[in-house]
>>> print(open('start.tsv').read())   # TSV, C-alpha atoms and all ligand atoms
chain	number	residue	atom	x	y	z
U	18	MET	CA	-5.06	35.91	-9.87
U	19	ALA	CA	-4.25	32.47	-11.17
U	20	LYS	CA	-6.89	29.95	-10.23
U	21	VAL	CA	-6.56	26.21	-10.67
U	22	ARG	CA	-9.18	24.02	-12.20
U	23	GLY	CA	-8.98	20.27	-12.14
U	24	SER	CA	-10.79	17.36	-13.62
U	25	ILE	CA	-10.83	13.64	-12.97
U	26	VAL	CA	-11.64	10.68	-15.17
U	27	VAL	CA	-12.77	7.48	-13.43
U	28	ASP	CA	-12.39	4.11	-15.17
U	29	ILE	CA	-15.93	3.18	-14.22
U	30	GLU	CA	-15.70	-0.51	-15.11
U	31	LYS	CA	-12.71	-1.02	-12.80
U	32	CYS	CA	-14.07	1.06	-9.89
U	33	LYS	CA	-15.18	-1.01	-6.89
U	34	GLY	CA	-17.27	1.69	-5.24
U	35	CYS	CA	-15.20	1.70	-2.05
U	36	GLU	CA	-15.84	5.44	-1.39
U	37	VAL	CA	-12.29	6.00	-0.16
U	38	CYS	CA	-11.74	8.64	-2.86
U	39	MET	CA	-14.98	10.44	-1.99
U	40	VAL	CA	-14.03	10.94	1.67
U	41	SER	CA	-10.50	12.04	0.71
U	42	CYS	CA	-11.62	14.77	-1.69
U	43	PRO	CA	-11.24	18.18	-0.03
U	44	THR	CA	-13.75	19.89	-2.31
U	45	GLY	CA	-16.72	17.54	-2.44
U	46	THR	CA	-16.27	16.90	-6.16
U	47	ILE	CA	-16.87	13.15	-6.00
U	48	ALA	CA	-20.10	11.25	-5.34
U	49	MET	CA	-21.10	7.65	-5.83
U	50	ALA	CA	-23.33	7.01	-8.81
U	51	GLY	CA	-26.85	5.70	-8.37
U	52	GLU	CA	-26.16	3.34	-11.29
U	53	VAL	CA	-23.84	0.34	-11.05
U	54	ASN	CA	-21.11	-0.94	-13.36
U	55	SER	CA	-21.19	-4.44	-14.83
U	56	LYS	CA	-19.74	-5.88	-11.59
U	57	GLY	CA	-22.57	-4.29	-9.61
U	58	TYR	CA	-20.56	-1.54	-7.91
U	59	ASN	CA	-21.92	1.99	-7.48
U	60	TYR	CA	-18.97	3.69	-9.09
U	61	ALA	CA	-17.39	7.04	-8.19
U	62	TRP	CA	-17.92	10.01	-10.49
U	63	PRO	CA	-17.23	13.76	-10.45
U	64	ALA	CA	-20.74	14.86	-9.48
U	65	ASN	CA	-19.62	18.47	-8.92
U	66	PRO	CA	-16.92	18.85	-11.59
U	67	ASP	CA	-16.61	22.62	-11.17
U	68	LEU	CA	-15.27	22.15	-7.63
U	69	CYS	CA	-12.26	20.00	-8.62
U	70	ILE	CA	-8.85	21.58	-8.01
U	71	GLY	CA	-6.78	18.72	-9.45
U	72	CYS	CA	-5.05	17.94	-6.14
U	73	ALA	CA	-4.95	14.19	-6.93
U	74	ASN	CA	-5.89	13.20	-3.37
U	75	CYS	CA	-8.54	10.87	-4.77
U	76	ALA	CA	-6.05	9.19	-7.10
U	77	MET	CA	-3.52	8.78	-4.25
U	78	VAL	CA	-5.90	6.72	-2.13
U	79	CYS	CA	-7.73	4.78	-4.87
U	80	PRO	CA	-6.73	1.16	-4.17
U	81	ASP	CA	-7.60	0.16	-7.71
U	82	GLY	CA	-5.72	2.98	-9.43
U	83	VAL	CA	-8.64	3.91	-11.64
U	84	ILE	CA	-8.56	7.71	-11.36
U	85	THR	CA	-6.73	9.97	-13.81
U	86	VAL	CA	-6.26	13.61	-12.82
U	87	TYR	CA	-5.84	16.77	-14.91
U	88	LYS	CA	-5.12	20.28	-13.73
U	89	THR	CA	-4.73	23.68	-15.35
U	90	LYS	CA	-4.43	27.35	-14.39
U	91	ILE	CA	-7.09	29.77	-15.55
Q	9	MET	CA	-6.53	34.41	-22.14
Q	10	ALA	CA	-9.60	32.41	-23.00
Q	11	GLU	CA	-11.54	31.40	-19.94
Q	12	ILE	CA	-11.79	27.70	-19.29
Q	13	THR	CA	-15.23	26.63	-18.35
Q	14	GLY	CA	-15.85	23.10	-19.56
Q	15	ILE	CA	-13.98	19.99	-18.45
Q	16	LYS	CA	-13.17	19.13	-22.07
Q	17	GLU	CA	-10.63	21.97	-22.07
Q	18	ILE	CA	-9.04	20.60	-18.91
Q	19	ILE	CA	-8.80	16.96	-19.96
Q	20	ARG	CA	-5.82	17.36	-22.27
Q	21	PRO	CA	-2.47	15.56	-22.26
Q	22	GLU	CA	-0.57	18.72	-21.29
Q	23	ASN	CA	-2.72	19.07	-18.14
Q	24	LEU	CA	-2.18	15.51	-16.93
Q	25	VAL	CA	-1.04	15.38	-13.30
Q	26	TYR	CA	-1.70	11.76	-12.42
Q	27	LYS	CA	-2.31	8.55	-14.28
Q	28	ARG	CA	-1.90	4.86	-13.55
Q	29	THR	CA	1.66	3.66	-14.12
Q	30	LYS	CA	2.39	1.21	-16.93
Q	31	VAL	CA	4.12	-1.05	-14.39
Q	32	MET	CA	0.59	-1.98	-13.23
Q	33	THR	CA	-1.05	-4.38	-15.70
Q	34	ASP	CA	-4.59	-3.78	-16.97
Q	35	ASN	CA	-5.95	-6.71	-14.94
Q	36	ILE	CA	-8.65	-5.89	-12.41
Q	37	LEU	CA	-7.16	-6.37	-8.94
Q	38	SER	CA	-8.50	-9.41	-7.08
Q	39	TYR	CA	-8.67	-7.45	-3.81
Q	40	CYS	CA	-11.90	-6.51	-2.06
Q	41	PRO	CA	-13.16	-2.92	-2.45
Q	42	GLY	CA	-11.04	-0.46	-0.45
Q	43	CYS	CA	-8.29	-2.95	0.44
Q	44	GLY	CA	-4.88	-1.38	1.10
Q	45	HIS	CA	-3.08	-4.13	-0.86
Q	46	GLY	CA	-4.02	-2.37	-4.12
Q	47	THR	CA	-2.70	0.99	-2.96
Q	48	VAL	CA	0.63	-0.53	-1.89
Q	49	HIS	CA	0.95	-2.35	-5.23
Q	50	ARG	CA	0.41	0.93	-7.03
Q	51	ILE	CA	2.95	2.87	-4.96
Q	52	LEU	CA	5.54	0.16	-5.51
Q	53	ALA	CA	4.80	0.05	-9.24
Q	54	GLU	CA	5.16	3.83	-9.47
Q	55	ILE	CA	8.56	3.72	-7.75
Q	56	ILE	CA	9.75	0.89	-10.00
Q	57	ASP	CA	8.62	2.96	-13.00
Q	58	GLU	CA	10.09	6.27	-11.82
Q	59	GLU	CA	13.41	4.68	-10.85
Q	60	GLY	CA	13.64	2.91	-14.22
Q	61	LEU	CA	13.78	-0.54	-12.62
Q	62	GLN	CA	11.04	-2.42	-14.49
Q	63	SER	CA	13.45	-4.82	-16.18
Q	64	GLU	CA	15.78	-4.97	-13.14
Q	65	THR	CA	13.20	-6.01	-10.57
Q	66	ILE	CA	12.29	-9.47	-9.29
Q	67	GLY	CA	9.43	-9.68	-6.82
Q	68	VAL	CA	8.59	-12.61	-4.58
Q	69	SER	CA	4.89	-12.99	-3.84
Q	70	PRO	CA	3.46	-14.56	-0.70
Q	71	VAL	CA	0.66	-16.90	0.20
Q	72	GLY	CA	-2.22	-14.70	1.29
Q	73	CYS	CA	-4.46	-12.29	-0.56
Q	74	ALA	CA	-1.43	-10.98	-2.48
Q	75	VAL	CA	-0.67	-14.43	-3.88
Q	76	LEU	CA	-1.58	-13.20	-7.38
Q	77	MET	CA	0.67	-10.12	-7.21
Q	78	TYR	CA	2.40	-11.23	-10.43
Q	79	ASN	CA	-0.86	-10.70	-12.32
Q	80	PHE	CA	-0.95	-7.05	-11.32
Q	81	LEU	CA	2.68	-5.93	-11.50
Q	82	ASP	CA	4.32	-6.04	-14.92
Q	83	ILE	CA	7.67	-7.30	-13.62
Q	84	ASP	CA	9.40	-10.64	-13.11
Q	85	CYS	CA	7.96	-12.47	-10.11
Q	86	GLN	CA	8.42	-15.72	-8.27
Q	87	GLU	CA	5.77	-17.22	-6.00
Q	88	ALA	CA	7.06	-18.64	-2.70
Q	89	ALA	CA	5.58	-21.19	-0.32
Q	90	HIS	CA	3.77	-19.68	2.68
Q	91	GLY	CA	6.20	-17.57	4.71
Q	92	ARG	CA	9.27	-18.54	2.71
Q	93	ALA	CA	9.54	-15.45	0.52
Q	94	PRO	CA	12.65	-14.10	2.32
Q	95	ALA	CA	14.46	-17.42	1.75
Q	96	VAL	CA	13.47	-17.47	-1.93
Q	97	ALA	CA	14.48	-13.82	-2.30
Q	98	THR	CA	17.82	-14.57	-0.63
Q	99	GLY	CA	18.56	-17.18	-3.28
Q	100	ILE	CA	17.50	-14.94	-6.15
Q	101	LYS	CA	19.54	-11.97	-4.91
Q	102	ARG	CA	22.65	-14.06	-4.28
Q	103	LEU	CA	22.48	-15.51	-7.80
Q	104	LEU	CA	21.58	-12.22	-9.46
Q	105	PRO	CA	23.19	-9.57	-7.24
Q	106	ASP	CA	22.55	-6.72	-9.69
Q	107	LYS	CA	18.78	-7.12	-9.57
Q	108	PHE	CA	16.41	-5.26	-7.28
Q	109	VAL	CA	14.75	-8.05	-5.28
Q	110	PHE	CA	11.81	-7.57	-2.97
Q	111	THR	CA	9.32	-9.69	-1.04
Q	112	TYR	CA	5.70	-8.71	-0.53
Q	113	GLN	CA	4.09	-10.47	2.44
Q	114	GLY	CA	1.08	-10.33	4.72
Q	115	ASP	CA	1.30	-10.59	8.48
Q	116	GLY	CA	0.20	-14.22	8.53
Q	117	ASP	CA	2.92	-14.96	5.99
Q	118	LEU	CA	5.73	-12.83	7.42
Q	119	ALA	CA	4.98	-12.80	11.16
Q	120	ALA	CA	3.47	-16.26	11.73
Q	121	ILE	CA	4.49	-19.19	9.53
Q	122	GLY	CA	7.48	-17.25	8.12
Q	123	THR	CA	8.85	-15.77	11.36
Q	124	ALA	CA	12.10	-17.69	11.12
Q	125	GLU	CA	12.73	-16.76	7.48
Q	126	THR	CA	11.97	-13.11	8.21
Q	127	ILE	CA	14.24	-12.84	11.22
Q	128	HIS	CA	17.14	-14.74	9.72
Q	129	ALA	CA	17.06	-12.95	6.35
Q	130	CYS	CA	17.06	-9.63	8.21
Q	131	ASN	CA	19.76	-10.75	10.63
Q	132	ARG	CA	21.97	-12.07	7.83
Q	133	GLY	CA	21.62	-8.69	6.19
Q	134	GLU	CA	20.35	-9.98	2.87
Q	135	ASN	CA	20.24	-7.18	0.31
Q	136	ILE	CA	16.52	-7.36	-0.28
Q	137	LEU	CA	13.51	-5.16	0.42
Q	138	MET	CA	10.73	-6.73	2.48
Q	139	ILE	CA	7.28	-5.17	2.20
Q	140	PHE	CA	5.06	-6.23	5.09
Q	141	ILE	CA	1.29	-5.66	4.84
Q	142	ASN	CA	0.01	-5.79	8.39
Q	143	ASN	CA	-3.79	-5.96	8.50
Q	144	GLY	CA	-3.79	-7.82	11.82
Q	145	ILE	CA	-5.59	-10.81	10.38
Q	146	TYR	CA	-5.41	-13.77	8.00
Q	147	GLY	CA	-7.42	-12.05	5.29
Q	148	MET	CA	-7.36	-14.71	2.60
Q	149	THR	CA	-8.54	-17.63	4.70
Q	150	GLY	CA	-11.48	-15.92	6.37
Q	151	GLY	CA	-10.21	-13.46	8.95
Q	152	GLN	CA	-8.60	-15.68	11.60
Q	153	MET	CA	-6.52	-14.19	14.43
Q	154	ALA	CA	-2.87	-13.59	13.52
Q	155	PRO	CA	0.17	-12.93	15.75
Q	156	THR	CA	-0.38	-9.27	14.83
Q	157	THR	CA	-4.05	-9.10	15.93
Q	158	ILE	CA	-4.11	-6.31	18.53
Q	159	PRO	CA	-5.52	-6.75	22.05
Q	160	GLY	CA	-9.31	-6.65	22.00
Q	161	MET	CA	-9.50	-6.97	18.21
Q	162	ARG	CA	-12.22	-9.26	16.90
Q	163	SER	CA	-11.48	-11.94	14.34
Q	164	SER	CA	-13.24	-15.11	13.30
Q	165	THR	CA	-11.18	-17.06	15.86
Q	166	SER	CA	-11.36	-14.36	18.57
Q	167	PRO	CA	-14.99	-13.31	18.16
Q	168	TYR	CA	-15.05	-11.55	21.55
Q	169	GLY	CA	-11.76	-9.78	20.91
Q	170	ARG	CA	-8.19	-10.95	21.50
Q	171	ASP	CA	-7.73	-11.70	25.18
Q	172	VAL	CA	-3.99	-11.65	25.78
Q	173	LYS	CA	-4.37	-13.73	28.97
Q	174	ILE	CA	-5.59	-16.65	26.88
Q	175	MET	CA	-4.31	-15.90	23.38
Q	176	GLY	CA	-0.96	-14.34	24.17
Q	177	ASN	CA	0.54	-11.05	23.07
Q	178	PRO	CA	0.68	-9.58	19.59
Q	179	LEU	CA	4.08	-9.62	17.90
Q	180	LYS	CA	5.65	-6.36	16.72
Q	181	MET	CA	7.82	-7.81	13.99
Q	182	THR	CA	9.05	-4.47	12.69
Q	183	ASP	CA	10.33	-3.46	16.13
Q	184	ILE	CA	12.18	-6.77	16.35
Q	185	VAL	CA	13.90	-6.56	12.95
Q	186	ALA	CA	14.92	-2.95	13.67
Q	187	THR	CA	17.13	-4.28	16.50
Q	188	LEU	CA	18.99	-6.69	14.20
Q	189	PRO	CA	22.40	-5.65	12.84
Q	190	GLY	CA	21.54	-6.84	9.32
Q	191	THR	CA	18.78	-4.30	8.68
Q	192	TYR	CA	19.67	-0.97	7.08
Q	193	TYR	CA	16.36	0.89	6.89
Q	194	VAL	CA	13.21	-0.04	8.82
Q	195	THR	CA	10.03	1.98	8.69
Q	196	ARG	CA	6.31	1.69	9.41
Q	197	GLN	CA	3.78	3.52	7.24
Q	198	SER	CA	0.13	3.40	6.16
Q	199	VAL	CA	-1.86	4.15	3.00
Q	200	HIS	CA	-5.29	5.15	4.29
Q	201	THR	CA	-5.12	8.90	3.57
Q	202	PRO	CA	-3.56	10.94	0.74
Q	203	ALA	CA	-0.89	12.30	3.14
Q	204	ASN	CA	0.00	8.81	4.33
Q	205	VAL	CA	0.19	7.55	0.74
Q	206	ARG	CA	2.62	10.36	-0.10
Q	207	ARG	CA	4.76	9.55	2.97
Q	208	THR	CA	4.75	5.84	2.15
Q	209	LYS	CA	5.86	6.63	-1.37
Q	210	LYS	CA	8.79	8.67	-0.05
Q	211	ALA	CA	9.76	5.84	2.30
Q	212	MET	CA	9.42	3.27	-0.48
Q	213	ARG	CA	11.65	5.35	-2.78
Q	214	LYS	CA	14.29	5.64	-0.05
Q	215	ALA	CA	14.17	1.90	0.58
Q	216	VAL	CA	14.56	1.14	-3.14
Q	217	GLN	CA	17.47	3.55	-3.44
Q	218	TYR	CA	19.17	2.17	-0.30
Q	219	GLN	CA	18.71	-1.29	-1.75
Q	220	LYS	CA	21.02	-0.38	-4.63
Q	221	LEU	CA	23.79	0.23	-2.07
Q	222	ASN	CA	23.64	-3.41	-0.92
Q	223	ARG	CA	24.14	-2.54	2.73
Q	224	GLY	CA	21.58	-4.89	4.18
Q	225	ALA	CA	17.89	-5.56	4.39
Q	226	CYS	CA	15.31	-2.82	4.08
Q	227	PHE	CA	11.96	-3.40	5.73
Q	228	ILE	CA	8.70	-1.48	5.27
Q	229	GLU	CA	5.65	-2.33	7.31
Q	230	ILE	CA	2.37	-0.94	6.01
Q	231	VAL	CA	-0.34	-0.91	8.65
Q	232	SER	CA	-3.29	-1.78	6.43
Q	233	ASN	CA	-6.97	-2.62	6.50
Q	234	CYS	CA	-9.01	-5.72	5.73
Q	235	PRO	CA	-12.57	-4.46	5.33
Q	236	SER	CA	-13.89	-7.96	4.57
Q	237	GLY	CA	-12.14	-9.70	7.46
Q	238	TRP	CA	-12.86	-6.89	9.88
Q	239	LYS	CA	-16.50	-6.84	8.70
Q	240	MET	CA	-16.56	-3.09	8.08
Q	241	THR	CA	-17.00	-0.82	5.10
Q	242	PRO	CA	-13.70	0.40	3.63
Q	243	VAL	CA	-14.20	3.89	5.07
Q	244	GLU	CA	-15.10	2.47	8.52
Q	245	SER	CA	-12.09	0.15	8.39
Q	246	ASN	CA	-9.72	3.04	7.72
Q	247	LYS	CA	-11.20	4.96	10.64
Q	248	TRP	CA	-10.94	1.92	12.91
Q	249	MET	CA	-7.36	1.40	11.80
Q	250	GLU	CA	-6.45	4.99	12.58
Q	251	GLU	CA	-8.07	4.86	16.03
Q	252	ASN	CA	-6.91	1.40	17.06
Q	253	MET	CA	-4.12	-0.08	14.96
Q	254	ILE	CA	-1.91	2.99	14.57
Q	255	PRO	CA	-1.71	3.78	18.31
Q	256	PHE	CA	-0.49	0.18	18.78
Q	257	TYR	CA	1.76	0.25	15.70
Q	258	PRO	CA	2.99	3.89	15.60
Q	259	LEU	CA	4.05	5.16	12.19
Q	260	GLY	CA	7.51	6.46	11.35
Q	261	ASP	CA	11.08	5.32	10.81
Q	262	LEU	CA	12.36	2.75	13.32
Q	263	LYS	CA	15.88	2.57	11.89
Q	264	THR	CA	17.59	4.94	9.51
Q	265	PRO	CA	21.05	4.57	7.98
Q	266	PRO	CA	23.84	6.37	9.86
Q	267	GLU	CA	24.00	9.27	7.41
Q	268	GLU	CA	20.23	9.76	7.60
Q	269	PRO	CA	18.71	12.00	10.25
Q	270	ALA	CA	16.14	10.02	12.23
Q	271	SER	CA	12.78	11.27	11.11
Q	272	ASN	CA	9.94	11.88	13.48
Q	273	LEU	CA	8.67	8.65	15.00
Q	274	LYS	CA	5.20	10.07	15.50
Q	275	PRO	CA	2.68	10.14	12.65
Q	276	GLU	CA	2.43	13.66	11.29
Q	277	ALA	CA	-0.85	15.52	11.48
Q	278	LYS	CA	-2.96	15.21	8.37
U	301	LIG	C1	1.71	-24.12	4.50
U	301	LIG	C2	0.39	-23.42	4.50
U	301	LIG	N1	-0.25	-23.23	5.69
U	301	LIG	C3	-1.43	-22.57	5.71
U	301	LIG	C4	-1.98	-22.09	4.55
U	301	LIG	C5	-3.31	-21.38	4.61
U	301	LIG	N2	-3.18	-19.95	4.46
U	301	LIG	C6	-3.34	-19.35	3.26
U	301	LIG	S1	-3.19	-17.68	3.34
U	301	LIG	C7	-2.94	-17.75	5.02
U	301	LIG	C8	-2.73	-16.51	5.83
U	301	LIG	C9	-2.79	-15.25	5.06
U	301	LIG	O1	-2.72	-14.16	5.91
U	301	LIG	P1	-1.74	-12.95	5.63
U	301	LIG	O2	-0.38	-13.43	5.34
U	301	LIG	O3	-1.88	-12.00	6.77
U	301	LIG	O4	-2.27	-12.32	4.27
U	301	LIG	P2	-3.56	-11.44	3.99
U	301	LIG	O5	-4.48	-12.34	3.24
U	301	LIG	O6	-4.12	-10.97	5.28
U	301	LIG	O7	-3.05	-10.32	3.14
U	301	LIG	C10	-2.97	-19.06	5.48
U	301	LIG	C11	-2.81	-19.43	6.90
U	301	LIG	C12	-1.27	-22.29	3.34
U	301	LIG	N3	-1.74	-21.85	2.18
U	301	LIG	N4	-0.11	-22.96	3.36
U	302	LIG	S1	-8.37	15.89	-7.80
U	302	LIG	FE1	-8.69	16.65	-5.69
U	302	LIG	S2	-10.43	18.03	-5.86
U	302	LIG	FE2	-10.43	16.82	-7.76
U	302	LIG	S3	-11.80	15.11	-7.30
U	302	LIG	FE3	-9.75	14.42	-6.80
U	302	LIG	S4	-9.53	14.86	-4.60
U	302	LIG	FE4	-11.29	16.04	-5.34
U	303	LIG	S1	-11.27	4.90	-4.57
U	303	LIG	FE1	-11.17	4.08	-6.66
U	303	LIG	S2	-12.22	2.12	-6.55
U	303	LIG	FE2	-12.78	3.24	-4.68
U	303	LIG	S3	-14.68	4.31	-5.24
U	303	LIG	FE3	-13.02	5.72	-5.68
U	303	LIG	S4	-12.53	5.38	-7.85
U	303	LIG	FE4	-13.74	3.63	-7.17
U	304	LIG	S1	-9.79	-10.37	2.47
U	304	LIG	FE1	-8.98	-8.52	3.43
U	304	LIG	S2	-6.80	-8.42	2.85
U	304	LIG	FE2	-7.83	-9.88	1.47
U	304	LIG	S3	-8.39	-8.65	-0.33
U	304	LIG	FE3	-10.17	-8.70	1.03
U	304	LIG	S4	-9.96	-6.85	2.29
U	304	LIG	FE4	-7.96	-7.23	1.33
U	305	MG	MG	-3.00	-10.30	6.93
>>> encode(input="start.tsv", output="C-alpha cells")
Amino acid sequence: MAKVRGSIVVDIEKCKGCEVCMVSCPTGTIAMAGEVNSKGYNYAWPANPDLCIGCANCAMVCPDGVITVYKTKI
Amino acid sequence: MAEITGIKEIIRPENLVYKRTKVMTDNILSYCPGCGHGTVHRILAEIIDEEGLQSETIGVSPVGCAVLMYNFLDIDCQEAAHGRAPAVATGIKRLLPDKFVFTYQGDGDLAAIGTAETIHACNRGENILMIFINNGIYGMTGGQMAPTTIPGMRSSTSPYGRDVKIMGNPLKMTDIVATLPGTYYVTRQSVHTPANVRRTKKAMRKAVQYQKLNRGACFIEIVSNCPSGWKMTPVESNKWMEENMIPFYPLGDLKTPPEEPASNLKPEAK
C-alpha cells in the first residue's frame, strides 16, 4: 500500500512563533522550539518529523509564508 | 523500491508541494505574529503568480497596518490617502483599462473614513477588485473602535465592550455593496484555518478572473484577526473570531454573477 511521507522546512529567522501552524497540523508534527531566533521568537520546527504527511495545512495558515512542504509516496 | 526513512530523501525538488511564491518579496512582513494580513497577502500573491499577472497588476495600498503592502508584494503599487484607495484605483483603471487593478483596505480605511469612496466606486461599477480586511478595529493606531466593531467587543475606546445604545450599530459594508447594481461578485471569507485559506484562495481566483471581464466591481471581505489590538495570542484570537465575529459576519458568497450558481452562504464545516 502506498504511504505518504512529508517533510517541512521552516525559515527559522522569518518565523514569528505565532503557533498557528502548530494548531493546524493534523499529525502533531510541529512544536515550538525552546530556543529563539535573532528576533526573540520561539520558532516552529518539525519536532516529530516522522509524523508529517505533507498535507501543507501548516503552510496554508502561516501568515509569514515561511514554511516549505515536501511530500513523497513510499 | 528503496524505503525512505530519512527526511533528506524527502526534501528534494521533485517532492516539492508548497513553497512561497516569488510574487512575495524576501522582506520580513511588518505585521504582528499571527496577523491575517500576511496570509491574505500571500494568497493574493499566489493568485497573481498562478494567473501570470505579475506585470499586469497595479495594487493600491491603504492607510492602516497594510500601508507598507508595496514592500511585500513584488508588483506595481500606489499608496492612497486614508480611505481613498477606490478613488485612486478608479483613476488608474480608467487610464490603464488592460491592467488588473485592486485595492487592499482595512475596515477603518474602507468602512469608516472611506465609506463614500467604497460605496460610490462599487455603485459606479468600477472594474476593480476591492479586498477588505475586517478585523473589527483600527489595528495600526492602537485598537480603537471601528464601525465594524461587533456588539460587546472590547477595544481601546470601548473598554467595556461596544454598547450599541451609546455607540451605535456596526456597519456591514459587504452586505451593503452586494445590493448595489455596480458590483459583480461579492463574497466574505476568512483565513484562520487551512480549509478557510483554501476557500479564500478559490474566491480570490474567481474574483481575479471575473475582473478580466470588466463587468463591474468585485469585492472580497476577509474577516480577520488583530491579536495585538484584541489583546490575545494569535491562536486565541482565531478562536475568538470564529466564535464571535463569524456568527455576526457569516462567510460565503453574497452576490454571484448570473451564470454562477449561488454557493452556500453558510461556512462549511472544517
Ligand atoms: C486622514 C487620516 N485620518 C486618520 C489617520 C489615522 N489612522 C491611521 S490608520 C487608521 C485606521 C486603520 O484601521 P484599519 O483601516 O482597520 O486598518 P488595520 O490597521 O486594522 O488593518 C487611522 C484612523 C490617518 N492616517 N489619516
Ligand atoms: S505538512 Fe501537514 S502534517 Fe506536515 S507539518 Fe505541515 S500540517 Fe503537519
Ligand atoms: S505559522 Fe509561520 S510564523 Fe507562525 S509559528 Fe508557524 S512557521 Fe512561524
Ligand atoms: S496591529 Fe493588528 S492588524 Fe496590525 S499588524 Fe498587528 S495584529 Fe495585524
Ligand atoms: Mg482594521
>>> residues_around(input="start.tsv", residues="stretch 31-44 of chain U", least_positions_apart="4", cutoff="7 Å", atoms="all atoms listed in the file", output="JSON, numbers by chain")
{"U": [48, 58, 59, 60, 61, 68, 69, 74, 75, 78, 79, 81, 83], "Q": [36, 41, 42, 201, 242, 243]}
>>> interface_residues(input="start.tsv", of="chain Q", to="chain U", cutoff="10 Å", atoms="all atoms listed in the file", output="JSON, numbers by chain")
{"Q": [9, 10, 11, 12, 13, 14, 15, 16, 17, 18, 19, 20, 21, 22, 23, 24, 25, 26, 27, 28, 29, 32, 34, 35, 36, 37, 38, 39, 40, 41, 42, 43, 44, 45, 46, 47, 48, 49, 50, 51, 199, 200, 201, 202, 203, 204, 205, 206, 235, 241, 242, 243, 244, 246]}
>>> residues_around(input="start.tsv", residues="Q:Tyr146", least_positions_apart="2", cutoff="9 Å", atoms="all atoms listed in the file", output="PyMOL selection string")
chain Q and resi 72-73+114-117+143-144+148-154+163+237
>>> closest_residue(input="start.tsv", among="Q:Ile174, Q:Val109, Q:Ile141, Q:Ala53", to="ligand LIG 304 (chain U)", atoms="all atoms listed in the file")
Q:Ile141
>>> closest_residue(input="start.tsv", among="Q:Leu104, Q:Thr98, Q:Gly122, Q:Ile158", to="Q:Pro70", atoms="all atoms listed in the file")
Q:Gly122
>>> residues_around(input="start.tsv", residues="Q:Phe227", least_positions_apart="2", cutoff="10 Å", atoms="only C-alpha atoms", output="list in words")
Phe110, Thr111, Cys130, Ile136, Leu137, Met138, Ile139, Phe140, Thr182, Val185, Ala186, Thr191, Tyr192, Tyr193, Val194, Thr195, Arg196, Met212, Ala215, Gly224, Ala225, Glu229, Ile230, Leu262 and Lys263 of chain Q
>>> closest_residue(input="start.tsv", among="Q:Gln86, Q:Gln219, Q:Thr156, Q:Asn142", to="Q:Asp106", atoms="only C-alpha atoms")
Q:Gln219
>>> axis_aligned_box(input="start.tsv", around="ligand LIG 302 (chain U)", padding_each_side="3 Å", output="JSON")
{"center_x": -10.1, "center_y": 16.2, "center_z": -6.2, "size_x": 9.4, "size_y": 9.6, "size_z": 9.2}
>>> closest_residue(input="start.tsv", among="U:Trp62, U:Ile70, U:Val53, U:Val21", to="ligand LIG 303 (chain U)", atoms="all atoms listed in the file")
U:Trp62
>>> closest_residue(input="start.tsv", among="Q:Ala124, Q:Val75, Q:Ile66, Q:Val31", to="ligand LIG 304 (chain U)", atoms="only C-alpha atoms and all ligand atoms")
Q:Val75
>>> closest_residue(input="start.tsv", among="Q:Met161, Q:Cys85, Q:Gly147, Q:Gly99", to="ligand MG 305 (chain U)", atoms="only C-alpha atoms and all ligand atoms")
Q:Gly147
>>> atom_distance(input="start.tsv", atom1="atom O2 of ligand LIG 301 (chain U)", atom2="atom CA of Q:Lys210")
24.5 Å
>>> atom_distance(input="start.tsv", atom1="atom CA of Q:Arg213", atom2="atom CA of Q:Tyr78")
20.5 Å
>>> atom_distance(input="start.tsv", atom1="atom CA of Q:Met253", atom2="atom CA of Q:Asp171")
15.9 Å
>>> residues_near_point(input="start.tsv", point="(-16.0, 16.1, -6.3)", cutoff="6 Å", atoms="all atoms listed in the file", output="JSON, numbers by chain")
{"U": [44, 45, 46, 47, 63, 64, 65, 69]}
>>> write_last_selection(input="start.tsv", atoms="C-alpha atoms", output="tab-separated table (two decimals), in the frame of the given file")
chain	number	residue	atom	x	y	z
U	44	THR	CA	-13.75	19.89	-2.31
U	45	GLY	CA	-16.72	17.54	-2.44
U	46	THR	CA	-16.27	16.90	-6.16
U	47	ILE	CA	-16.87	13.15	-6.00
U	63	PRO	CA	-17.23	13.76	-10.45
U	64	ALA	CA	-20.74	14.86	-9.48
U	65	ASN	CA	-19.62	18.47	-8.92
U	69	CYS	CA	-12.26	20.00	-8.62
